[in-house]
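Listing of upload18.csv; format and content: CSV, C-alpha atoms.
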```csv
chain,number,residue,atom,x,y,z
O,349,MET,CA,-38.1,18.1,23.4
O,350,GLU,CA,-35.5,16.7,20.9
O,351,PRO,CA,-32.0,16.6,22.3
O,352,LYS,CA,-29.6,19.2,20.8
O,353,PRO,CA,-26.9,17.7,18.5
O,354,PHE,CA,-23.9,18.4,20.7
O,355,MET,CA,-23.1,19.4,24.2
O,356,ILE,CA,-19.5,20.3,25.2
O,357,ILE,CA,-18.5,19.3,28.7
O,358,LYS,CA,-16.2,21.8,30.3
O,359,ASP,CA,-16.6,20.8,34.0
O,360,PRO,CA,-14.2,18.1,35.1
O,361,GLU,CA,-16.6,16.8,37.6
O,362,VAL,CA,-19.2,16.3,34.9
O,363,ALA,CA,-16.7,14.8,32.5
O,364,LYS,CA,-15.8,12.2,35.2
O,365,LEU,CA,-19.4,10.9,35.1
O,366,PHE,CA,-18.6,9.4,31.7
O,367,ALA,CA,-16.1,7.0,33.2
O,368,ASP,CA,-19.0,4.9,34.5
O,369,LYS,CA,-20.3,2.4,31.8
O,370,THR,CA,-23.8,2.3,33.2
O,371,ARG,CA,-24.2,6.0,33.1
O,372,VAL,CA,-22.9,6.1,29.5
O,373,GLU,CA,-25.5,3.4,28.6
O,374,ILE,CA,-28.3,5.4,30.3
O,375,LEU,CA,-27.4,8.5,28.4
O,376,HIS,CA,-27.2,6.5,25.2
O,377,ASN,CA,-30.7,5.2,25.6
O,378,LEU,CA,-32.2,8.5,26.6
O,379,ARG,CA,-31.1,10.1,23.3
O,380,ARG,CA,-33.7,8.3,21.3
O,381,ARG,CA,-36.7,8.2,23.7
O,382,GLU,CA,-37.8,9.1,27.1
O,383,MET,CA,-37.6,6.3,29.7
O,384,THR,CA,-38.3,5.7,33.4
O,385,ALA,CA,-35.8,4.3,35.9
O,386,CYS,CA,-37.9,1.0,35.9
O,387,GLN,CA,-37.6,0.6,32.1
O,388,LEU,CA,-33.9,1.4,32.1
O,389,ALA,CA,-33.3,-1.1,35.0
O,390,LYS,CA,-35.0,-3.9,33.1
O,391,MET,CA,-33.1,-3.1,29.9
O,392,LEU,CA,-29.7,-2.8,31.5
O,393,GLY,CA,-30.2,-5.7,34.0
O,394,ARG,CA,-29.7,-3.5,37.1
O,395,ASN,CA,-31.8,-2.8,40.1
O,396,VAL,CA,-34.1,0.2,40.1
O,397,SER,CA,-32.6,2.0,43.1
O,398,SER,CA,-29.1,2.0,41.5
O,399,ILE,CA,-30.5,3.4,38.2
O,400,SER,CA,-32.6,6.0,40.1
O,401,HIS,CA,-29.4,7.1,41.8
O,402,HIS,CA,-27.6,7.4,38.4
O,403,LEU,CA,-30.5,9.4,37.0
O,404,SER,CA,-30.5,11.9,39.8
O,405,VAL,CA,-26.7,12.4,39.4
O,406,LEU,CA,-27.1,12.9,35.6
O,407,GLU,CA,-30.0,15.3,36.1
O,408,ARG,CA,-28.0,17.4,38.6
O,409,ALA,CA,-25.1,17.5,36.1
O,410,GLY,CA,-27.5,18.9,33.5
O,411,LEU,CA,-27.1,16.0,31.1
O,412,ILE,CA,-30.7,14.7,31.3
O,413,LYS,CA,-34.0,16.3,32.1
O,414,GLN,CA,-37.4,15.1,33.4
O,415,THR,CA,-39.9,15.1,30.5
O,416,ARG,CA,-43.1,14.1,32.4
O,417,THR,CA,-44.4,12.2,35.4
O,418,LEU,CA,-47.0,9.5,35.3
O,419,VAL,CA,-49.0,8.8,38.5
O,420,LYS,CA,-50.0,5.1,38.8
O,421,GLY,CA,-51.9,4.5,42.0
O,422,ASN,CA,-49.4,5.7,44.7
O,423,LEU,CA,-46.5,5.3,42.4
O,424,VAL,CA,-44.9,8.2,40.5
O,425,GLU,CA,-43.0,7.3,37.3
O,426,ARG,CA,-40.6,10.0,36.1
O,427,TYR,CA,-39.6,10.0,32.4
O,428,TYR,CA,-36.2,11.3,31.4
O,429,ARG,CA,-34.6,12.3,28.2
O,430,ALA,CA,-30.9,13.2,27.4
O,431,LEU,CA,-30.2,16.8,26.6
O,432,ALA,CA,-27.9,16.1,23.7
O,433,TRP,CA,-27.1,13.4,21.1
O,434,ARG,CA,-23.4,13.7,21.5
O,435,PHE,CA,-21.6,14.8,24.7
O,436,ILE,CA,-18.1,16.0,24.0
O,437,ILE,CA,-15.4,16.3,26.6
O,438,SER,CA,-13.8,19.7,26.0
O,439,TYR,CA,-10.1,19.8,24.9
O,440,THR,CA,-9.5,22.1,27.8
O,441,LEU,CA,-10.1,19.0,30.1
O,442,SER,CA,-8.3,16.4,28.0
O,443,GLU,CA,-5.3,18.8,27.8
O,444,GLY,CA,-5.4,19.3,31.6
O,445,LEU,CA,-5.9,23.1,31.2
O,446,ILE,CA,-8.6,23.3,33.9
O,447,PRO,CA,-7.9,22.5,37.6
O,448,GLY,CA,-9.3,19.1,38.4
O,449,SER,CA,-8.8,17.7,34.9
O,450,GLU,CA,-5.5,15.9,35.6
O,451,ASP,CA,-7.1,12.5,35.5
O,452,ILE,CA,-8.8,13.2,32.2
O,453,SER,CA,-5.6,14.5,30.7
O,454,ARG,CA,-3.7,11.4,31.9
O,455,TRP,CA,-6.4,9.1,30.4
O,456,ASN,CA,-6.1,11.1,27.1
O,457,LYS,CA,-2.4,10.6,27.0
O,458,GLU,CA,-2.8,6.8,27.6
O,459,ILE,CA,-5.2,6.7,24.6
O,460,CYS,CA,-2.7,8.4,22.4
O,461,ARG,CA,0.0,6.0,23.6
O,462,ASN,CA,-2.2,3.0,22.8
O,463,ALA,CA,-2.8,4.5,19.4
O,464,ALA,CA,0.9,5.0,18.7
O,465,GLU,CA,1.7,1.4,19.8
O,466,ASN,CA,-1.0,-0.1,17.5
O,467,LEU,CA,-0.1,1.4,14.1
O,468,GLY,CA,0.8,-2.1,13.1
O,469,ILE,CA,-2.9,-3.0,12.9
O,470,PHE,CA,-2.9,-0.8,9.7
O,471,GLY,CA,0.3,-2.2,8.3
O,472,PHE,CA,2.6,0.6,9.6
O,473,GLU,CA,5.3,-1.2,11.6
O,474,VAL,CA,7.3,1.5,13.5
O,475,SER,CA,10.4,0.9,15.5
O,476,LYS,CA,10.2,1.3,19.3
O,477,ASP,CA,12.4,4.4,19.4
O,478,LYS,CA,9.9,6.3,17.3
O,479,ILE,CA,6.9,5.5,19.5
O,480,ASP,CA,7.4,8.5,21.9
O,481,ARG,CA,7.7,10.9,19.0
O,482,ILE,CA,4.6,9.5,17.3
O,483,GLN,CA,2.7,9.6,20.5
O,484,ARG,CA,3.5,13.3,20.9
O,485,LEU,CA,2.3,13.9,17.3
O,486,ILE,CA,-0.9,12.1,18.0
O,487,GLU,CA,-1.5,14.1,21.1
O,488,ARG,CA,-1.0,17.3,19.2
O,489,TYR,CA,-3.3,16.1,16.3
O,490,SER,CA,-6.0,15.2,18.8
O,491,MET,CA,-5.8,18.5,20.6
O,492,LEU,CA,-5.9,20.7,17.4
O,493,ARG,CA,-8.7,18.6,16.0
O,494,ASN,CA,-10.8,18.7,19.2
O,495,ARG,CA,-10.2,22.5,19.7
O,496,THR,CA,-11.3,23.2,16.1
O,497,PHE,CA,-14.3,20.9,16.4
O,498,GLU,CA,-15.3,22.8,19.5
O,499,HIS,CA,-14.8,26.1,17.7
O,500,VAL,CA,-17.1,24.9,14.9
O,501,ILE,CA,-19.8,23.6,17.3
O,502,SER,CA,-19.8,26.8,19.3
O,503,ARG,CA,-20.5,28.9,16.1
O,504,GLN,CA,-23.8,27.0,15.8
O,505,LYS,CA,-26.9,29.2,16.1
O,506,ARG,CA,-30.0,27.1,15.3
O,507,SER,CA,-30.5,23.6,14.0
O,508,ALA,CA,-34.2,23.2,13.3
O,509,GLU,CA,-34.4,22.5,9.6
O,510,ILE,CA,-31.1,20.6,9.0
O,511,ARG,CA,-31.1,16.8,8.8
O,512,LYS,CA,-28.8,14.8,11.2
O,513,PRO,CA,-26.5,13.4,8.5
O,514,ALA,CA,-26.2,16.8,6.9
O,515,MET,CA,-25.3,18.3,10.2
O,516,SER,CA,-22.5,15.7,10.8
O,517,LEU,CA,-21.2,16.3,7.3
O,518,LEU,CA,-21.1,20.1,7.8
O,519,VAL,CA,-19.4,19.9,11.1
O,520,SER,CA,-16.8,17.5,9.6
O,521,LEU,CA,-16.2,19.7,6.5
O,522,LEU,CA,-16.0,23.0,8.5
O,523,THR,CA,-13.6,21.4,11.0
O,524,ASN,CA,-11.3,20.3,8.2
O,525,ALA,CA,-11.6,23.6,6.4
O,526,PHE,CA,-10.5,25.5,9.5
O,527,LEU,CA,-7.7,23.0,10.1
O,528,TYR,CA,-6.5,23.5,6.5
O,529,ARG,CA,-5.8,27.1,7.5
O,530,ASN,CA,-3.8,26.1,10.6
O,531,SER,CA,-0.1,25.8,9.9
O,532,GLU,CA,0.7,23.8,13.0
O,533,TYR,CA,-1.9,21.2,12.1
O,534,LEU,CA,-0.5,20.8,8.6
O,535,ARG,CA,3.0,20.5,10.1
O,536,VAL,CA,1.8,17.7,12.5
O,537,ILE,CA,0.2,15.8,9.7
O,538,ARG,CA,3.3,16.1,7.5
O,539,GLU,CA,5.6,15.0,10.2
O,540,PHE,CA,3.3,12.1,11.0
O,541,CYS,CA,3.3,11.0,7.4
O,542,GLU,CA,7.1,11.2,7.3
O,543,GLU,CA,7.5,9.2,10.6
O,544,ILE,CA,5.3,6.3,9.5
O,545,GLY,CA,6.2,6.4,5.8
O,546,ILE,CA,3.1,7.6,4.0
O,547,ASP,CA,4.5,9.1,0.8
O,548,GLU,CA,3.0,11.0,-2.1
O,549,LYS,CA,2.1,7.8,-4.0
O,550,ASP,CA,-0.2,6.4,-1.4
O,551,ASP,CA,-3.8,7.5,-1.9
P,199,MET,CA,-18.0,-12.8,20.3
P,200,GLU,CA,-17.3,-9.0,20.4
P,201,PRO,CA,-18.5,-7.2,17.3
P,202,LYS,CA,-15.7,-6.0,15.0
P,203,PRO,CA,-15.1,-2.2,14.9
P,204,PHE,CA,-16.3,-1.6,11.3
P,205,MET,CA,-18.1,-3.3,8.6
P,206,ILE,CA,-18.3,-1.8,5.1
P,207,ILE,CA,-21.6,-2.4,3.3
P,208,LYS,CA,-21.1,-2.8,-0.4
P,209,ASP,CA,-24.3,-4.6,-1.4
P,210,PRO,CA,-27.1,-2.0,-2.3
P,211,GLU,CA,-29.8,-4.4,-1.1
P,212,VAL,CA,-28.1,-4.6,2.3
P,213,ALA,CA,-27.6,-0.9,2.4
P,214,LYS,CA,-31.3,-0.3,1.9
P,215,LEU,CA,-32.0,-2.1,5.2
P,216,PHE,CA,-30.7,0.9,7.0
P,217,ALA,CA,-33.5,3.1,5.7
P,218,ASP,CA,-35.8,1.4,8.3
P,219,LYS,CA,-35.6,3.1,11.7
P,220,THR,CA,-36.5,0.0,13.7
P,221,ARG,CA,-33.8,-2.1,12.1
P,222,VAL,CA,-31.3,0.6,12.8
P,223,GLU,CA,-32.4,0.6,16.5
P,224,ILE,CA,-32.1,-3.2,16.6
P,225,LEU,CA,-28.6,-3.1,15.3
P,226,HIS,CA,-27.7,-0.3,17.7
P,227,ASN,CA,-28.8,-2.3,20.7
P,228,LEU,CA,-27.2,-5.6,19.6
P,229,ARG,CA,-23.8,-3.9,19.5
P,230,ARG,CA,-23.4,-3.8,23.3
P,231,ARG,CA,-25.2,-7.0,24.3
P,232,GLU,CA,-26.9,-10.1,23.0
P,233,MET,CA,-30.7,-9.9,23.1
P,234,THR,CA,-33.8,-11.9,22.2
P,235,ALA,CA,-36.7,-10.8,20.0
P,236,CYS,CA,-38.8,-10.7,23.1
P,237,GLN,CA,-36.4,-8.3,24.9
P,238,LEU,CA,-36.1,-6.1,21.9
P,239,ALA,CA,-39.8,-6.0,21.3
P,240,LYS,CA,-40.4,-4.8,24.9
P,241,MET,CA,-37.6,-2.2,24.6
P,242,LEU,CA,-38.7,-0.7,21.3
P,243,GLY,CA,-42.4,-1.0,22.0
P,244,ARG,CA,-43.1,-3.3,19.0
P,245,ASN,CA,-44.7,-6.7,18.8
P,246,VAL,CA,-42.5,-9.8,18.9
P,247,SER,CA,-43.5,-11.1,15.4
P,248,SER,CA,-42.4,-7.9,13.7
P,249,ILE,CA,-39.1,-7.9,15.6
P,250,SER,CA,-38.5,-11.5,14.7
P,251,HIS,CA,-39.1,-10.7,11.1
P,252,HIS,CA,-36.5,-7.9,11.2
P,253,LEU,CA,-34.0,-10.2,13.0
P,254,SER,CA,-34.3,-12.8,10.3
P,255,VAL,CA,-33.8,-10.2,7.6
P,256,LEU,CA,-30.7,-8.8,9.4
P,257,GLU,CA,-29.3,-12.3,10.0
P,258,ARG,CA,-29.7,-13.2,6.3
P,259,ALA,CA,-27.9,-10.0,5.3
P,260,GLY,CA,-25.0,-11.0,7.5
P,261,LEU,CA,-25.3,-8.0,9.9
P,262,ILE,CA,-26.2,-10.0,13.1
P,263,LYS,CA,-25.6,-13.5,14.3
P,264,GLN,CA,-27.2,-15.9,16.7
P,265,THR,CA,-25.1,-16.2,19.8
P,266,ARG,CA,-27.0,-18.9,21.7
P,267,THR,CA,-30.5,-20.4,22.2
P,268,LEU,CA,-32.2,-21.0,25.5
P,269,VAL,CA,-34.9,-23.6,25.8
P,270,LYS,CA,-37.6,-22.6,28.3
P,271,GLY,CA,-40.3,-25.4,28.4
P,272,ASN,CA,-41.4,-25.6,24.8
P,273,LEU,CA,-40.2,-22.1,24.0
P,274,VAL,CA,-36.9,-21.5,22.2
P,275,GLU,CA,-35.3,-18.1,22.9
P,276,ARG,CA,-32.7,-17.1,20.4
P,277,TYR,CA,-30.1,-14.5,21.3
P,278,TYR,CA,-28.5,-12.2,18.7
P,279,ARG,CA,-25.5,-9.9,18.5
P,280,ALA,CA,-24.5,-7.4,15.9
P,281,LEU,CA,-21.4,-8.3,13.9
P,282,ALA,CA,-19.9,-4.8,13.9
P,283,TRP,CA,-20.0,-1.6,16.0
P,284,ARG,CA,-20.2,0.6,13.0
P,285,PHE,CA,-21.8,-0.2,9.7
P,286,ILE,CA,-20.5,2.0,6.9
P,287,ILE,CA,-22.3,2.4,3.6
P,288,SER,CA,-19.5,2.2,1.0
P,289,TYR,CA,-18.8,5.2,-1.1
P,290,THR,CA,-19.3,3.0,-4.2
P,291,LEU,CA,-23.0,2.9,-3.3
P,292,SER,CA,-23.4,6.6,-2.2
P,293,GLU,CA,-21.7,7.6,-5.5
P,294,GLY,CA,-24.1,5.3,-7.5
P,295,LEU,CA,-21.2,3.3,-8.9
P,296,ILE,CA,-22.9,-0.1,-8.3
P,297,PRO,CA,-26.0,-1.1,-10.2
P,298,GLY,CA,-29.0,-0.9,-7.9
P,299,SER,CA,-27.5,2.0,-5.8
P,300,GLU,CA,-29.3,4.8,-7.6
P,301,ASP,CA,-31.6,5.5,-4.6
P,302,ILE,CA,-28.7,5.6,-2.2
P,303,SER,CA,-26.8,8.0,-4.4
P,304,ARG,CA,-29.9,10.2,-4.7
P,305,TRP,CA,-30.3,10.2,-0.9
P,306,ASN,CA,-26.6,11.1,-0.6
P,307,LYS,CA,-27.0,14.1,-2.9
P,308,GLU,CA,-30.0,15.3,-0.9
P,309,ILE,CA,-27.9,15.3,2.3
P,310,CYS,CA,-25.2,17.3,0.5
P,311,ARG,CA,-27.8,19.8,-0.7
P,312,ASN,CA,-29.3,20.1,2.8
P,313,ALA,CA,-25.8,20.7,4.2
P,314,ALA,CA,-25.1,23.4,1.6
P,315,GLU,CA,-28.4,25.2,2.3
P,316,ASN,CA,-27.7,25.2,6.0
P,317,LEU,CA,-24.3,26.8,6.3
P,318,GLY,CA,-26.1,29.8,7.9
P,319,ILE,CA,-26.4,27.7,11.1
P,320,PHE,CA,-22.6,28.2,11.5
P,321,GLY,CA,-22.6,31.9,10.6
P,322,PHE,CA,-21.8,31.5,6.9
P,323,GLU,CA,-24.5,33.3,4.9
P,324,VAL,CA,-24.0,32.3,1.3
P,325,SER,CA,-26.0,33.8,-1.6
P,326,LYS,CA,-28.4,31.5,-3.5
P,327,ASP,CA,-26.4,31.5,-6.7
P,328,LYS,CA,-23.5,29.8,-4.8
P,329,ILE,CA,-25.5,26.9,-3.4
P,330,ASP,CA,-25.1,24.6,-6.4
P,331,ARG,CA,-21.4,25.1,-6.5
P,332,ILE,CA,-21.0,24.5,-2.8
P,333,GLN,CA,-23.2,21.4,-3.0
P,334,ARG,CA,-20.9,20.0,-5.6
P,335,LEU,CA,-17.9,20.7,-3.4
P,336,ILE,CA,-19.6,19.0,-0.5
P,337,GLU,CA,-20.4,16.0,-2.6
P,338,ARG,CA,-16.8,15.8,-3.7
P,339,TYR,CA,-15.5,16.2,-0.1
P,340,SER,CA,-17.8,13.5,1.1
P,341,MET,CA,-16.8,11.1,-1.6
P,342,LEU,CA,-13.0,11.6,-1.2
P,343,ARG,CA,-13.3,11.3,2.6
P,344,ASN,CA,-15.4,8.2,2.5
P,345,ARG,CA,-13.2,6.5,0.0
P,346,THR,CA,-10.1,7.3,2.0
P,347,PHE,CA,-11.8,6.2,5.2
P,348,GLU,CA,-12.7,2.9,3.5
P,349,HIS,CA,-9.1,2.5,2.3
P,350,VAL,CA,-7.8,2.9,5.9
P,351,ILE,CA,-10.4,0.5,7.3
P,352,SER,CA,-9.5,-2.1,4.7
P,353,ARG,CA,-5.9,-2.0,5.7
P,354,GLN,CA,-6.8,-3.2,9.2
P,355,LYS,CA,-5.4,-6.6,10.1
P,356,ARG,CA,-6.2,-7.4,13.8
P,357,SER,CA,-7.7,-5.3,16.6
P,358,ALA,CA,-7.3,-7.4,19.7
P,359,GLU,CA,-5.2,-5.2,22.0
P,360,ILE,CA,-6.3,-1.7,20.9
P,361,ARG,CA,-8.8,0.3,23.0
P,362,LYS,CA,-11.9,1.7,21.3
P,363,PRO,CA,-11.1,5.4,21.6
P,364,ALA,CA,-7.5,4.7,20.4
P,365,MET,CA,-8.9,2.9,17.4
P,366,SER,CA,-11.2,5.8,16.5
P,367,LEU,CA,-8.3,8.3,16.9
P,368,LEU,CA,-6.0,6.2,14.6
P,369,VAL,CA,-8.6,5.8,11.9
P,370,SER,CA,-9.3,9.5,12.0
P,371,LEU,CA,-5.6,10.5,11.9
P,372,LEU,CA,-4.7,8.0,9.1
P,373,THR,CA,-7.7,9.1,7.0
P,374,ASN,CA,-6.5,12.8,7.3
P,375,ALA,CA,-2.9,11.8,6.7
P,376,PHE,CA,-3.8,10.1,3.4
P,377,LEU,CA,-6.1,13.0,2.4
P,378,TYR,CA,-3.3,15.4,3.0
P,379,ARG,CA,-1.4,13.6,0.2
P,380,ASN,CA,-4.4,13.9,-2.1
P,381,SER,CA,-4.2,17.0,-4.3
P,382,GLU,CA,-7.9,16.9,-5.3
P,383,TYR,CA,-8.9,16.9,-1.7
P,384,LEU,CA,-6.7,19.9,-0.9
P,385,ARG,CA,-8.2,21.7,-3.9
P,386,VAL,CA,-11.8,21.0,-2.8
P,387,ILE,CA,-11.1,22.2,0.7
P,388,ARG,CA,-9.4,25.4,-0.6
P,389,GLU,CA,-12.2,26.2,-3.0
P,390,PHE,CA,-14.8,25.6,-0.2
P,391,CYS,CA,-12.9,28.0,2.1
P,392,GLU,CA,-12.9,30.6,-0.7
P,393,GLU,CA,-16.6,30.1,-1.5
P,394,ILE,CA,-17.8,30.6,2.1
P,395,GLY,CA,-15.1,33.1,3.1
P,396,ILE,CA,-12.9,31.2,5.6
P,397,ASP,CA,-9.6,33.2,5.3
P,398,GLU,CA,-6.1,32.7,6.7
P,399,LYS,CA,-7.0,34.7,9.9
P,400,ASP,CA,-9.8,32.4,11.0
P,401,ASP,CA,-8.5,29.6,13.3
```
The structure in this file should be written as structure tokens.
Amino acid sequence: MEPKPFMIIKDPEVAKLFADKTRVEILHNLRRREMTACQLAKMLGRNVSSISHHLSVLERAGLIKQTRTLVKGNLVERYYRALAWRFIISYTLSEGLIPGSEDISRWNKEICRNAAENLGIFGFEVSKDKIDRIQRLIERYSMLRNRTFEHVISRQKRSAEIRKPAMSLLVSLLTNAFLYRNSEYLRVIREFCEEIGIDEKDD
Amino acid sequence: MEPKPFMIIKDPEVAKLFADKTRVEILHNLRRREMTACQLAKMLGRNVSSISHHLSVLERAGLIKQTRTLVKGNLVERYYRALAWRFIISYTLSEGLIPGSEDISRWNKEICRNAAENLGIFGFEVSKDKIDRIQRLIERYSMLRNRTFEHVISRQKRSAEIRKPAMSLLVSLLTNAFLYRNSEYLRVIREFCEEIGIDEKDD
């Protein structure tokens, strides 16, 4: 069983599982190969009982699956594999549209704030009084992009014969093609360019 | 030493190292933590001498670095860490603009072909006589996007205080903002929309 390319997380309780670093690392490692609690514990430098607990939480959430069990004497070793290559937190959660997603929405706003405050890294020094406005544009950009991305992913029917880099390329192109038809998106990009001073000559 | 967020690969010989799955897995694992040849060998189910060889190749290419050595009796254990979170093959290589990058450019064209042939996955059934044209549009899209992405990355000065998701968000937004000012990019997107039949009503 190869993991599917994308899984969109729409349940806030499941999304919250991604706040834990160890769980993210477990998912990360189970994309490429099946592994047991014992192997993961060794790799991540944790004890087996803690990893086993994480595995049962992830399995109940539908993010991983048992692939096979190996009986060694009176020891049962269960192998697990992730169900997707990329887990995507739905925009409905990061926008706080679903009850119980308030924390996720707050976290999302913090990220947009942090982005707005750090434009200087890329040589765009913006005055303090502009930060709030830029943050709102970034929030809007992020929402429109994630919503369209989800729309593209959800159109997907089968994926057998396509190669992984070709799949990423198609998803990116289709997302941008749909956004190009979205007047609000074009307005957000234009206003952002104006705020930070990207003009026609830059390329 | 935390890895830097991005490293752009401009040397075709270095880019070719990414064709080997084991090397990619090694780099992948050394992003998050330092590891020894022995630990990597156990994890990837390979023998230590093969992993040691890969490590010395990757070190010579400037992709990983020794972080410390541990002397255990008469055994020296060297720890390694990747120098970046994401390694990006420069568009100058995938476009075959640099001598020695012909293979990389051919591989890139194959990916674009594979993408064009699989639009049906997303519900866009295109007739066979359109595939060549769509492939060329995808190639152009990919080049313009990668070139602009590289341009954004190369503007980057420091990254100390920014959080990882905020960094990704900024790079994505700035790339799209610059592309929005690029008339060839807008033309490619428009023609692609026309070819596959994304019209104004789709959103």
| message | Please list as a VMD selection string every residue within 7 Å of stretch 469-485 of chain O, counting all atoms listed in the file and excluding residues in the same chain fewer than 2 positions away. | response | (chain O and resid 460 to 461 464 to 467 487 to 489 536 540 544) or (chain P and resid 353 to 357)
Output file for the selection above: C-alpha atoms, as a PDB file, in the frame of the given file:
```
ATOM      1  CA  CYS O 460      -2.700   8.400  22.400  1.00  0.00           C
ATOM      2  CA  ARG O 461       0.000   6.000  23.600  1.00  0.00           C
ATOM      3  CA  ALA O 464       0.900   5.000  18.700  1.00  0.00           C
ATOM      4  CA  GLU O 465       1.700   1.400  19.800  1.00  0.00           C
ATOM      5  CA  ASN O 466      -1.000  -0.100  17.500  1.00  0.00           C
ATOM      6  CA  LEU O 467      -0.100   1.400  14.100  1.00  0.00           C
ATOM      7  CA  GLU O 487      -1.500  14.100  21.100  1.00  0.00           C
ATOM      8  CA  ARG O 488      -1.000  17.300  19.200  1.00  0.00           C
ATOM      9  CA  TYR O 489      -3.300  16.100  16.300  1.00  0.00           C
ATOM     10  CA  VAL O 536       1.800  17.700  12.500  1.00  0.00           C
ATOM     11  CA  PHE O 540       3.300  12.100  11.000  1.00  0.00           C
ATOM     12  CA  ILE O 544       5.300   6.300   9.500  1.00  0.00           C
TER      13      ILE O 544
ATOM     14  CA  ARG P 353      -5.900  -2.000   5.700  1.00  0.00           C
ATOM     15  CA  GLN P 354      -6.800  -3.200   9.200  1.00  0.00           C
ATOM     16  CA  LYS P 355      -5.400  -6.600  10.100  1.00  0.00           C
ATOM     17  CA  ARG P 356      -6.200  -7.400  13.800  1.00  0.00           C
ATOM     18  CA  SER P 357      -7.700  -5.300  16.600  1.00  0.00           C
TER      19      SER P 357
END
```
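In this structure, atom CA of P:Met205 sits 9.7 Å away from atom CA of P:Glu348.
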Residues near stretch 433-441 of chain O, cut-off 8 Å, all atoms listed in the file, skip fewer than 3 positions along chain, as a short mmCIF file (atom, residue, chain, number, x, y, z; two decimals) with C-alpha atoms, in the coordinates of the input:
```cif
data_model
loop_
_atom_site.label_atom_id
_atom_site.label_comp_id
_atom_site.auth_asym_id
_atom_site.auth_seq_id
_atom_site.Cartn_x
_atom_site.Cartn_y
_atom_site.Cartn_z
CA PRO O 351 -32.00 16.60 22.30
CA LYS O 352 -29.60 19.20 20.80
CA PRO O 353 -26.90 17.70 18.50
CA PHE O 354 -23.90 18.40 20.70
CA MET O 355 -23.10 19.40 24.20
CA ILE O 356 -19.50 20.30 25.20
CA ILE O 357 -18.50 19.30 28.70
CA LYS O 358 -16.20 21.80 30.30
CA ASP O 359 -16.60 20.80 34.00
CA PRO O 360 -14.20 18.10 35.10
CA ALA O 363 -16.70 14.80 32.50
CA ARG O 379 -31.10 10.10 23.30
CA ALA O 430 -30.90 13.20 27.40
CA GLY O 444 -5.40 19.30 31.60
CA LEU O 445 -5.90 23.10 31.20
CA ILE O 446 -8.60 23.30 33.90
CA SER O 449 -8.80 17.70 34.90
CA GLU O 450 -5.50 15.90 35.60
CA ILE O 452 -8.80 13.20 32.20
CA SER O 453 -5.60 14.50 30.70
CA MET O 491 -5.80 18.50 20.60
CA ASN O 494 -10.80 18.70 19.20
CA ARG O 495 -10.20 22.50 19.70
CA GLU O 498 -15.30 22.80 19.50
#
```
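Nearest to chain O of all the residues P:Leu238, P:Leu281, P:Val212, P:Ala217 is P:Leu238, based on all atoms listed in the file.
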Counting only C-alpha atoms, which residues in chain O sit no more than 9 Å from chain P? For each one, give the nearest pair of atoms and the distance in Å, sorted by chain then residue number, as a tab-separated table.
```
residue	atom	partner	partner_atom	distance
O:Gln387	CA	P:Met241	CA	8.0
O:Met391	CA	P:Met241	CA	7.0
O:Glu458	CA	P:Ala364	CA	8.9
O:Ile459	CA	P:Ala364	CA	5.2
O:Cys460	CA	P:Ala364	CA	6.4
O:Arg461	CA	P:Ala364	CA	8.3
O:Asn462	CA	P:Ala364	CA	6.1
O:Ala463	CA	P:Ala364	CA	4.8
O:Ala464	CA	P:Leu368	CA	8.1
O:Glu465	CA	P:Ile360	CA	8.6
O:Asn466	CA	P:Ile360	CA	6.5
O:Leu467	CA	P:Leu368	CA	7.6
O:Gly468	CA	P:Lys355	CA	8.2
O:Ile469	CA	P:Lys355	CA	5.2
O:Phe470	CA	P:Gln354	CA	4.6
O:Gly471	CA	P:Arg353	CA	6.7
O:Ile486	CA	P:Leu371	CA	7.9
O:Tyr489	CA	P:Leu371	CA	7.5
O:Ser490	CA	P:Leu367	CA	7.5
O:Thr496	CA	P:Asp401	CA	7.5
O:His499	CA	P:Asp401	CA	8.4
O:Val500	CA	P:Phe320	CA	7.3
O:Ile501	CA	P:Phe320	CA	7.9
O:Ser502	CA	P:Phe320	CA	8.4
O:Arg503	CA	P:Phe320	CA	5.1
O:Gln504	CA	P:Phe320	CA	4.6
O:Lys505	CA	P:Ile319	CA	5.2
O:Arg506	CA	P:Ile319	CA	5.6
O:Ser507	CA	P:Ile319	CA	6.5
O:Glu509	CA	P:Asn316	CA	8.1
O:Ile510	CA	P:Asn316	CA	6.5
O:Arg511	CA	P:Asn312	CA	7.1
O:Lys512	CA	P:Ile309	CA	9.0
O:Pro513	CA	P:Ile309	CA	6.6
O:Ala514	CA	P:Ala313	CA	4.8
O:Met515	CA	P:Ala313	CA	6.5
O:Ser516	CA	P:Ala313	CA	8.9
O:Leu517	CA	P:Ala313	CA	7.1
O:Leu518	CA	P:Ala313	CA	6.0
O:Val519	CA	P:Phe320	CA	8.9
O:Leu521	CA	P:Tyr339	CA	7.5
O:Leu522	CA	P:Cys391	CA	8.7
O:Asn524	CA	P:Ile387	CA	7.7
O:Ala525	CA	P:Ile387	CA	5.9
O:Phe526	CA	P:Asp401	CA	5.9
O:Leu527	CA	P:Asp401	CA	7.4
O:Tyr528	CA	P:Ile387	CA	7.5
O:Arg529	CA	P:Glu398	CA	5.7
O:Asn530	CA	P:Asp401	CA	6.5
O:Leu534	CA	P:Tyr378	CA	8.3
O:Ile537	CA	P:Ala375	CA	5.9
O:Arg538	CA	P:Ala375	CA	7.6
O:Phe540	CA	P:Ala375	CA	7.6
O:Cys541	CA	P:Ala375	CA	6.3
O:Ile546	CA	P:Phe376	CA	7.4
O:Asp547	CA	P:Arg379	CA	7.4
O:Glu548	CA	P:Arg379	CA	5.6
O:Lys549	CA	P:Arg379	CA	8.0
O:Asp550	CA	P:Phe376	CA	7.0
O:Asp551	CA	P:Phe376	CA	5.9
```
